[in-house]
>>> print(open('run_6.pdb').read())   # PDB, C-alpha atoms
ATOM      1  CA  MET S   1      89.645  57.731 152.952  1.00  0.00           C
ATOM      2  CA  HIS S   2      87.594  56.630 155.966  1.00  0.00           C
ATOM      3  CA  ARG S   3      88.069  52.990 156.920  1.00  0.00           C
ATOM      4  CA  LEU S   4      85.466  50.938 158.722  1.00  0.00           C
ATOM      5  CA  MET S   5      86.383  49.872 162.232  1.00  0.00           C
ATOM      6  CA  ILE S   6      86.760  46.170 162.786  1.00  0.00           C
ATOM      7  CA  ASP S   7      84.534  44.036 164.969  1.00  0.00           C
ATOM      8  CA  PRO S   8      86.914  43.127 167.833  1.00  0.00           C
ATOM      9  CA  SER S   9      85.030  39.872 168.473  1.00  0.00           C
ATOM     10  CA  LYS S  10      86.361  38.653 165.090  1.00  0.00           C
ATOM     11  CA  LEU S  11      90.003  39.430 165.885  1.00  0.00           C
ATOM     12  CA  ARG S  12      92.176  36.501 166.987  1.00  0.00           C
ATOM     13  CA  PHE S  13      95.738  36.244 168.303  1.00  0.00           C
ATOM     14  CA  PHE S  14      97.812  33.099 167.707  1.00  0.00           C
ATOM     15  CA  HIS S  15     101.375  32.031 168.301  1.00  0.00           C
ATOM     16  CA  PHE S  16     103.203  32.222 164.971  1.00  0.00           C
ATOM     17  CA  SER S  17     103.019  29.075 162.884  1.00  0.00           C
ATOM     18  CA  GLU S  18     105.246  28.040 160.002  1.00  0.00           C
ATOM     19  CA  ASN S  19     102.008  27.929 157.967  1.00  0.00           C
ATOM     20  CA  ASP S  20     101.396  31.666 158.429  1.00  0.00           C
ATOM     21  CA  ASP S  21     102.032  33.209 155.022  1.00  0.00           C
ATOM     22  CA  PHE S  22     102.838  36.908 155.243  1.00  0.00           C
ATOM     23  CA  SER S  23     104.049  37.132 151.635  1.00  0.00           C
ATOM     24  CA  LEU S  24     100.893  38.882 150.378  1.00  0.00           C
ATOM     25  CA  LEU S  25     100.828  41.467 153.167  1.00  0.00           C
ATOM     26  CA  ASP S  26     102.575  44.832 152.999  1.00  0.00           C
ATOM     27  CA  PHE S  27     103.936  46.266 156.234  1.00  0.00           C
ATOM     28  CA  ARG S  28     105.771  49.238 154.695  1.00  0.00           C
ATOM     29  CA  GLN S  29     104.644  52.810 155.200  1.00  0.00           C
ATOM     30  CA  PHE S  30     102.339  54.333 152.602  1.00  0.00           C
ATOM     31  CA  ASP S  31     105.345  56.108 151.044  1.00  0.00           C
ATOM     32  CA  GLY S  32     107.085  52.720 150.592  1.00  0.00           C
ATOM     33  CA  SER S  33     109.620  53.232 153.377  1.00  0.00           C
ATOM     34  CA  ASP S  34     110.280  50.763 156.188  1.00  0.00           C
ATOM     35  CA  PRO S  35     111.777  52.957 158.965  1.00  0.00           C
ATOM     36  CA  LEU S  36     111.449  50.308 161.675  1.00  0.00           C
ATOM     37  CA  ASN S  37     112.414  47.373 159.409  1.00  0.00           C
ATOM     38  CA  VAL S  38     109.090  45.664 160.067  1.00  0.00           C
ATOM     39  CA  ASP S  39     108.575  44.481 156.482  1.00  0.00           C
ATOM     40  CA  LYS S  40     112.228  43.433 156.244  1.00  0.00           C
ATOM     41  CA  PHE S  41     111.927  41.491 159.501  1.00  0.00           C
ATOM     42  CA  ILE S  42     108.947  39.392 158.409  1.00  0.00           C
ATOM     43  CA  ARG S  43     110.463  38.660 154.996  1.00  0.00           C
ATOM     44  CA  GLU S  44     114.166  38.176 155.810  1.00  0.00           C
ATOM     45  CA  GLU S  45     114.829  37.879 159.531  1.00  0.00           C
ATOM     46  CA  ILE S  46     111.985  35.862 161.011  1.00  0.00           C
ATOM     47  CA  ARG S  47     113.790  32.529 160.633  1.00  0.00           C
ATOM     48  CA  THR S  48     116.765  33.723 162.710  1.00  0.00           C
ATOM     49  CA  TYR S  49     114.393  35.125 165.327  1.00  0.00           C
ATOM     50  CA  VAL S  50     112.532  31.805 165.606  1.00  0.00           C
ATOM     51  CA  ASP S  51     115.622  29.565 165.467  1.00  0.00           C
ATOM     52  CA  ASN S  52     117.399  31.543 168.193  1.00  0.00           C
ATOM     53  CA  ARG S  53     114.284  31.892 170.378  1.00  0.00           C
ATOM     54  CA  LEU S  54     114.696  35.640 170.637  1.00  0.00           C
ATOM     55  CA  GLY S  55     111.079  36.128 171.631  1.00  0.00           C
ATOM     56  CA  SER S  56     107.545  35.128 170.767  1.00  0.00           C
ATOM     57  CA  ILE S  57     105.884  36.005 167.487  1.00  0.00           C
ATOM     58  CA  TYR S  58     102.131  36.397 167.342  1.00  0.00           C
ATOM     59  CA  SER S  59      99.999  36.304 164.225  1.00  0.00           C
ATOM     60  CA  VAL S  60      96.809  38.355 164.153  1.00  0.00           C
ATOM     61  CA  LYS S  61      93.823  37.242 162.114  1.00  0.00           C
ATOM     62  CA  TYR S  62      90.618  39.079 161.371  1.00  0.00           C
ATOM     63  CA  GLU S  63      87.700  36.960 160.196  1.00  0.00           C
ATOM     64  CA  GLY S  64      90.220  34.160 159.632  1.00  0.00           C
ATOM     65  CA  LYS S  65      92.477  36.291 157.406  1.00  0.00           C
ATOM     66  CA  LEU S  66      96.062  37.080 158.422  1.00  0.00           C
ATOM     67  CA  VAL S  67      96.294  40.882 158.891  1.00  0.00           C
ATOM     68  CA  ALA S  68      99.119  41.621 161.353  1.00  0.00           C
ATOM     69  CA  PHE S  69     101.902  40.290 163.550  1.00  0.00           C
ATOM     70  CA  PHE S  70     103.902  41.406 166.560  1.00  0.00           C
ATOM     71  CA  THR S  71     106.824  40.151 168.622  1.00  0.00           C
ATOM     72  CA  LEU S  72     107.253  40.041 172.392  1.00  0.00           C
ATOM     73  CA  SER S  73     110.296  39.528 174.569  1.00  0.00           C
ATOM     74  CA  MET S  74     111.457  40.447 178.054  1.00  0.00           C
ATOM     75  CA  SER S  75     113.481  43.596 178.535  1.00  0.00           C
ATOM     76  CA  CYS S  76     113.948  46.390 181.030  1.00  0.00           C
ATOM     77  CA  ILE S  77     113.541  50.123 181.236  1.00  0.00           C
ATOM     78  CA  GLY S  78     116.006  52.366 183.021  1.00  0.00           C
ATOM     79  CA  TYR S  79     115.344  55.557 184.931  1.00  0.00           C
ATOM     80  CA  LEU S  80     118.065  57.971 185.897  1.00  0.00           C
ATOM     81  CA  THR S  81     117.724  59.017 189.513  1.00  0.00           C
ATOM     82  CA  ILE S  82     119.530  61.709 191.448  1.00  0.00           C
ATOM     83  CA  ALA S  83     120.131  61.252 195.165  1.00  0.00           C
ATOM     84  CA  SER S  84     118.149  63.905 197.033  1.00  0.00           C
ATOM     85  CA  ASN S  85     121.092  64.909 199.177  1.00  0.00           C
ATOM     86  CA  ASP S  86     123.783  64.751 196.490  1.00  0.00           C
ATOM     87  CA  ASP S  87     123.049  66.190 193.028  1.00  0.00           C
ATOM     88  CA  SER S  88     126.323  64.770 191.733  1.00  0.00           C
ATOM     89  CA  HIS S  89     125.252  61.163 192.408  1.00  0.00           C
ATOM     90  CA  VAL S  90     123.250  59.847 189.460  1.00  0.00           C
ATOM     91  CA  GLU S  91     122.299  56.221 189.132  1.00  0.00           C
ATOM     92  CA  THR S  92     120.158  54.166 186.781  1.00  0.00           C
ATOM     93  CA  LYS S  93     117.417  52.037 188.241  1.00  0.00           C
ATOM     94  CA  LEU S  94     116.227  49.185 186.037  1.00  0.00           C
ATOM     95  CA  TYR S  95     112.648  47.942 185.994  1.00  0.00           C
ATOM     96  CA  PRO S  96     111.371  44.789 184.242  1.00  0.00           C
ATOM     97  CA  ALA S  97     109.410  45.384 181.047  1.00  0.00           C
ATOM     98  CA  LEU S  98     107.732  43.542 178.215  1.00  0.00           C
ATOM     99  CA  LEU S  99     109.099  44.650 174.849  1.00  0.00           C
ATOM    100  CA  ILE S 100     106.901  44.824 171.780  1.00  0.00           C
ATOM    101  CA  GLY S 101     109.795  44.397 169.361  1.00  0.00           C
ATOM    102  CA  LYS S 102     107.945  44.656 166.053  1.00  0.00           C
ATOM    103  CA  ILE S 103     104.361  45.465 165.136  1.00  0.00           C
ATOM    104  CA  GLY S 104     103.301  44.983 161.541  1.00  0.00           C
ATOM    105  CA  ILE S 105      99.781  45.752 160.339  1.00  0.00           C
ATOM    106  CA  ASP S 106      98.950  45.217 156.685  1.00  0.00           C
ATOM    107  CA  LYS S 107      98.294  48.508 154.861  1.00  0.00           C
ATOM    108  CA  ALA S 108      94.743  47.453 154.022  1.00  0.00           C
ATOM    109  CA  TYR S 109      93.925  47.121 157.742  1.00  0.00           C
ATOM    110  CA  ARG S 110      95.563  50.222 159.197  1.00  0.00           C
ATOM    111  CA  GLY S 111      93.438  52.825 160.885  1.00  0.00           C
ATOM    112  CA  ARG S 112      90.976  50.219 162.156  1.00  0.00           C
ATOM    113  CA  ARG S 113      92.189  50.004 165.776  1.00  0.00           C
ATOM    114  CA  ILE S 114      94.100  46.751 165.330  1.00  0.00           C
ATOM    115  CA  GLY S 115      97.147  48.406 166.933  1.00  0.00           C
ATOM    116  CA  GLN S 116      94.999  49.348 169.924  1.00  0.00           C
ATOM    117  CA  TYR S 117      93.890  45.742 170.358  1.00  0.00           C
ATOM    118  CA  ILE S 118      97.477  44.510 170.011  1.00  0.00           C
ATOM    119  CA  CYS S 119      98.609  46.942 172.748  1.00  0.00           C
ATOM    120  CA  SER S 120      95.740  45.835 175.017  1.00  0.00           C
ATOM    121  CA  PHE S 121      96.602  42.167 174.425  1.00  0.00           C
ATOM    122  CA  CYS S 122     100.274  42.848 175.232  1.00  0.00           C
ATOM    123  CA  SER S 123      99.307  44.747 178.391  1.00  0.00           C
ATOM    124  CA  GLY S 124      97.345  41.715 179.527  1.00  0.00           C
ATOM    125  CA  ILE S 125     100.330  39.450 178.930  1.00  0.00           C
ATOM    126  CA  GLY S 126     102.557  41.862 180.879  1.00  0.00           C
ATOM    127  CA  GLN S 127     100.131  41.910 183.796  1.00  0.00           C
ATOM    128  CA  GLU S 128      99.999  38.112 183.810  1.00  0.00           C
ATOM    129  CA  LEU S 129     103.820  37.915 183.678  1.00  0.00           C
ATOM    130  CA  ASN S 130     103.968  40.180 186.709  1.00  0.00           C
ATOM    131  CA  ARG S 131     102.299  37.453 188.769  1.00  0.00           C
ATOM    132  CA  TYR S 132     105.307  35.169 188.176  1.00  0.00           C
ATOM    133  CA  ALA S 133     108.408  37.191 187.403  1.00  0.00           C
ATOM    134  CA  GLY S 134     107.733  40.886 187.737  1.00  0.00           C
ATOM    135  CA  CYS S 135     106.853  43.095 184.803  1.00  0.00           C
ATOM    136  CA  ALA S 136     106.139  46.758 185.441  1.00  0.00           C
ATOM    137  CA  PHE S 137     106.189  48.345 181.972  1.00  0.00           C
ATOM    138  CA  LEU S 138     105.244  47.785 178.353  1.00  0.00           C
ATOM    139  CA  ILE S 139     107.855  49.292 176.008  1.00  0.00           C
ATOM    140  CA  LEU S 140     108.306  49.674 172.268  1.00  0.00           C
ATOM    141  CA  ARG S 141     110.361  51.564 169.721  1.00  0.00           C
ATOM    142  CA  THR S 142     108.592  53.522 167.011  1.00  0.00           C
ATOM    143  CA  THR S 143     108.953  56.577 164.826  1.00  0.00           C
ATOM    144  CA  ALA S 144     108.492  60.017 166.377  1.00  0.00           C
ATOM    145  CA  SER S 145     105.617  60.562 163.955  1.00  0.00           C
ATOM    146  CA  LEU S 146     103.734  57.446 165.116  1.00  0.00           C
ATOM    147  CA  ALA S 147     104.558  58.316 168.725  1.00  0.00           C
ATOM    148  CA  ARG S 148     102.885  61.714 168.345  1.00  0.00           C
ATOM    149  CA  ARG S 149      99.882  60.550 166.306  1.00  0.00           C
ATOM    150  CA  TYR S 150      99.038  57.197 167.882  1.00  0.00           C
ATOM    151  CA  TYR S 151     100.954  55.765 170.790  1.00  0.00           C
ATOM    152  CA  ALA S 152     100.955  58.818 173.072  1.00  0.00           C
ATOM    153  CA  PRO S 153      97.393  60.112 172.556  1.00  0.00           C
ATOM    154  CA  LYS S 154      95.564  56.834 171.885  1.00  0.00           C
ATOM    155  CA  PHE S 155      97.492  54.231 173.894  1.00  0.00           C
ATOM    156  CA  ASN S 156      98.814  56.378 176.777  1.00  0.00           C
ATOM    157  CA  PHE S 157     102.489  55.697 176.085  1.00  0.00           C
ATOM    158  CA  ASN S 158     105.097  58.212 177.262  1.00  0.00           C
ATOM    159  CA  TRP S 159     108.293  59.139 175.472  1.00  0.00           C
ATOM    160  CA  ASN S 160     111.171  61.561 175.528  1.00  0.00           C
ATOM    161  CA  THR S 161     109.968  64.530 173.459  1.00  0.00           C
ATOM    162  CA  ARG S 162     113.532  65.743 172.865  1.00  0.00           C
ATOM    163  CA  GLU S 163     114.329  62.810 170.588  1.00  0.00           C
ATOM    164  CA  LYS S 164     113.919  62.887 166.830  1.00  0.00           C
ATOM    165  CA  GLY S 165     113.504  59.991 164.411  1.00  0.00           C
ATOM    166  CA  ASN S 166     112.881  56.675 166.172  1.00  0.00           C
ATOM    167  CA  VAL S 167     111.950  56.869 169.856  1.00  0.00           C
ATOM    168  CA  TRP S 168     111.477  54.528 172.794  1.00  0.00           C
ATOM    169  CA  MET S 169     108.059  54.635 174.425  1.00  0.00           C
ATOM    170  CA  TYR S 170     106.856  53.183 177.698  1.00  0.00           C
ATOM    171  CA  ARG S 171     103.652  52.664 179.617  1.00  0.00           C
ATOM    172  CA  LYS S 172     103.229  51.482 183.191  1.00  0.00           C
ATOM    173  CA  LEU S 173     101.187  48.295 183.391  1.00  0.00           C
ATOM    174  CA  PHE S 174      99.582  49.085 186.757  1.00  0.00           C
TER     175      PHE S 174
END
>>> encode(input="run_6.pdb", output="structure tokens")
Amino acid sequence: MHRLMIDPSKLRFFHFSENDDFSLLDFRQFDGSDPLNVDKFIREEIRTYVDNRLGSIYSVKYEGKLVAFFTLSMSCIGYLTIASNDDSHVETKLYPALLIGKIGIDKAYRGRRIGQYICSFCSGIGQELNRYAGCAFLILRTTASLARRYYAPKFNFNWNTREKGNVWMYRKLF
């Protein structure tokens, strides 16, 4: 089934409000699974996340209707480096990153580029953060299937192709 693309001028991002009612939205996969616990998070874990200030939650509305959410928090990404003169010396260098912890798009709105707009919005926040505290990467965890179909080809994220199941992806902000 071909879905109509959304008009991006009608898409709005808001900080989560207690009035945001996600109960009618379905964030599970089309087969009913929830491999990244996105649906479980919004239904069972959001209160703990908010109460403990574990990050920021954003609600996404299209034409005034709640259609998606995502979470952001600070993190880091590590690179293994090998000293050029000593192959036995391996160290991990850490770089500051903005973590997209959860992305949930209602089934009825998938395939309409909402994920692309969320990633662009998050990139902008990461670039703004870099002005104050340093933020070099945007990172997220997703399924290998979504990594192959969406995040790598459409959003220019990189990932370790040797992994199976859920994978970590990253994209340089600059």
>>> residues_around(input="run_6.pdb", residues="S:Gln127", least_positions_apart="5", cutoff="8 Å", atoms="all atoms listed in the file", output="compact mmCIF listing (two decimals) with C-alpha atoms, in the frame of the given file")
# COMPACT_ATOMS: atom_id res chain seq x y z
CA CYS S 135 106.85 43.10 184.80
CA ALA S 136 106.14 46.76 185.44
CA LEU S 173 101.19 48.30 183.39
CA PHE S 174 99.58 49.08 186.76
>>> atom_distance(input="run_6.pdb", atom1="atom CA of S:Val90", atom2="atom CA of S:Ile139")
23.0 Å
>>> closest_residue(input="run_6.pdb", among="S:Ile103, S:Ile114, S:Val60, S:Met74", to="S:Ile6", atoms="all atoms listed in the file")
S:Ile114
>>> resolve_selection(input="run_6.pdb", expression="the PyMOL selection byres ((chain S and resi 22) around 12)", output="ChimeraX atom specification")
/S:16-21,23-27,38-44,46,59-61,65-69,104-106
>>> resolve_selection(input="run_6.pdb", expression="the PyMOL selection byres ((chain S and resi 110-112) around 9)", output="ChimeraX atom specification")
/S:2-6,105-109,113-116
>>> residues_around(input="run_6.pdb", residues="S:Ile100", least_positions_apart="4", cutoff="8 Å", atoms="only C-alpha atoms", output="list of chain:residue names")
S:Phe70, S:Thr71, S:Leu72, S:Ser73, S:Cys122, S:Leu138, S:Ile139, S:Leu140, S:Arg141
>>> atom_distance(input="run_6.pdb", atom1="atom CA of S:Trp168", atom2="atom CA of S:Thr142")
6.5 Å
>>> resolve_selection(input="run_6.pdb", expression="the PyMOL selection byres ((chain S and resi 165) around 10)", output="JSON, numbers by chain")
{"S": [35, 142, 143, 144, 145, 163, 164, 166, 167]}
>>> closest_atom_pairs(input="run_6.pdb", of="stretch 77-115 of chain S", to="stretch 48-54 of chain S", cutoff="12 Å", atoms="all atoms listed in the file", output="JSON lines")
{"residue": "S:Leu99", "atom": "CA", "partner": "S:Leu54", "partner_atom": "CA", "distance": 11.4}
{"residue": "S:Gly101", "atom": "CA", "partner": "S:Leu54", "partner_atom": "CA", "distance": 10.1}
{"residue": "S:Lys102", "atom": "CA", "partner": "S:Tyr49", "partner_atom": "CA", "distance": 11.5}
>>> atom_distance(input="run_6.pdb", atom1="atom CA of S:Gly134", atom2="atom CA of S:Cys76")
10.7 Å
>>> closest_residue(input="run_6.pdb", among="S:Leu146, S:Ile82, S:Phe14, S:Met169", to="S:Ile57", atoms="all atoms listed in the file")
S:Phe14
>>> closest_residue(input="run_6.pdb", among="S:Gly32, S:Trp159, S:Tyr151, S:Ala133", to="S:Ile118", atoms="all atoms listed in the file")
S:Tyr151
>>> closest_residue(input="run_6.pdb", among="S:Leu36, S:Ser88, S:Phe137, S:Phe155", to="S:Ser120", atoms="only C-alpha atoms")
S:Phe155
>>> residues_around(input="run_6.pdb", residues="S:Lys93", least_positions_apart="4", cutoff="9 Å", atoms="all atoms listed in the file", output="VMD selection string")
chain S and resid 77 to 81
>>> decode(input="run_6.pdb", residues="stretch 53-155 of chain S", atoms="C-alpha atoms", output="short mmCIF file (atom, residue, chain, number, x, y, z; two decimals), in the first residue's frame")
data_model
loop_
_atom_site.label_atom_id
_atom_site.label_comp_id
_atom_site.auth_asym_id
_atom_site.auth_seq_id
_atom_site.Cartn_x
_atom_site.Cartn_y
_atom_site.Cartn_z
CA ARG S 53 14.89 13.02 34.46
CA LEU S 54 16.61 10.44 32.30
CA GLY S 55 16.26 12.57 29.20
CA SER S 56 13.82 14.68 27.24
CA ILE S 57 10.72 13.28 25.61
CA TYR S 58 9.31 14.96 22.53
CA SER S 59 5.81 14.55 21.17
CA VAL S 60 5.27 14.86 17.43
CA LYS S 61 2.00 16.14 16.02
CA TYR S 62 0.81 16.25 12.45
CA GLU S 63 -2.06 18.61 11.71
CA GLY S 64 -2.59 18.83 15.47
CA LYS S 65 -2.86 15.04 15.91
CA LEU S 66 -0.35 13.12 18.03
CA VAL S 67 1.51 10.72 15.69
CA ALA S 68 4.95 9.99 17.19
CA PHE S 69 7.39 10.53 20.03
CA PHE S 70 11.12 10.28 20.63
CA THR S 71 13.53 10.62 23.53
CA LEU S 72 16.87 12.42 23.71
CA SER S 73 19.69 12.26 26.21
CA MET S 74 23.43 12.85 26.28
CA SER S 75 25.75 9.92 25.71
CA CYS S 76 29.06 9.11 24.09
CA ILE S 77 30.43 6.96 21.32
CA GLY S 78 33.69 5.07 21.61
CA TYR S 79 36.22 4.30 18.91
CA LEU S 80 38.95 1.74 19.32
CA THR S 81 42.27 3.11 18.16
CA ILE S 82 45.58 1.36 17.65
CA ALA S 83 48.81 3.28 18.18
CA SER S 84 50.60 3.55 14.84
CA ASN S 85 53.91 2.42 16.28
CA ASP S 86 52.59 -0.32 18.56
CA ASP S 87 49.88 -2.68 17.27
CA SER S 88 49.51 -4.17 20.75
CA HIS S 89 48.37 -0.85 22.26
CA VAL S 90 44.63 -0.43 21.79
CA GLU S 91 42.68 2.32 23.46
CA THR S 92 39.12 3.61 23.34
CA LYS S 93 38.56 7.25 22.58
CA LEU S 94 35.20 8.64 23.68
CA TYR S 95 33.35 11.36 21.80
CA PRO S 96 30.24 13.23 23.00
CA ALA S 97 26.99 12.22 21.32
CA LEU S 98 23.27 12.87 21.43
CA LEU S 99 21.32 9.65 21.94
CA ILE S 100 17.94 9.12 20.35
CA GLY S 101 16.82 6.59 22.95
CA LYS S 102 13.40 5.69 21.58
CA ILE S 103 11.55 6.59 18.40
CA GLY S 104 7.91 5.61 18.13
CA ILE S 105 5.82 6.36 15.05
CA ASP S 106 2.20 5.26 14.99
CA LYS S 107 1.59 2.48 12.44
CA ALA S 108 -0.86 4.65 10.51
CA TYR S 109 1.88 7.24 9.89
CA ARG S 110 4.86 5.06 9.01
CA GLY S 111 6.43 5.35 5.60
CA ARG S 112 5.64 9.07 5.38
CA ARG S 113 9.10 10.44 6.22
CA ILE S 114 8.28 11.35 9.82
CA GLY S 115 11.40 9.45 10.94
CA GLN S 116 13.47 11.53 8.52
CA TYR S 117 12.12 14.75 10.02
CA ILE S 118 12.74 13.46 13.55
CA CYS S 119 16.38 12.66 12.65
CA SER S 120 16.82 16.12 11.08
CA PHE S 121 15.32 17.78 14.17
CA CYS S 122 17.65 15.78 16.44
CA SER S 123 20.66 16.68 14.28
CA GLY S 124 19.79 20.34 14.72
CA ILE S 125 19.59 19.93 18.49
CA GLY S 126 22.97 18.15 18.48
CA GLN S 127 24.55 20.94 16.44
CA GLU S 128 23.14 23.54 18.83
CA LEU S 129 24.41 21.55 21.85
CA ASN S 130 27.87 21.55 20.30
CA ARG S 131 28.00 25.32 20.70
CA TYR S 132 27.82 24.92 24.50
CA ALA S 133 29.07 21.51 25.56
CA GLY S 134 30.43 19.59 22.61
CA CYS S 135 28.39 17.07 20.67
CA ALA S 136 29.98 15.35 17.70
CA PHE S 137 27.62 12.46 16.90
CA LEU S 138 23.98 11.46 16.77
CA ILE S 139 23.51 7.84 17.89
CA LEU S 140 20.64 5.39 18.20
CA ARG S 141 19.93 1.71 18.66
CA THR S 142 17.66 -0.05 16.21
CA THR S 143 17.03 -3.41 14.61
CA ALA S 144 19.42 -4.64 11.92
CA SER S 145 16.46 -4.72 9.53
CA LEU S 146 15.61 -1.04 10.09
CA ALA S 147 19.31 -0.18 9.93
CA ARG S 148 19.58 -1.74 6.46
CA ARG S 149 16.28 -0.41 5.08
CA TYR S 150 16.09 3.09 6.55
CA TYR S 151 18.78 4.52 8.76
CA ALA S 152 21.83 3.68 6.63
CA PRO S 153 20.50 4.47 3.12
CA LYS S 154 18.05 7.27 3.93
CA PHE S 155 19.56 9.02 6.97
#
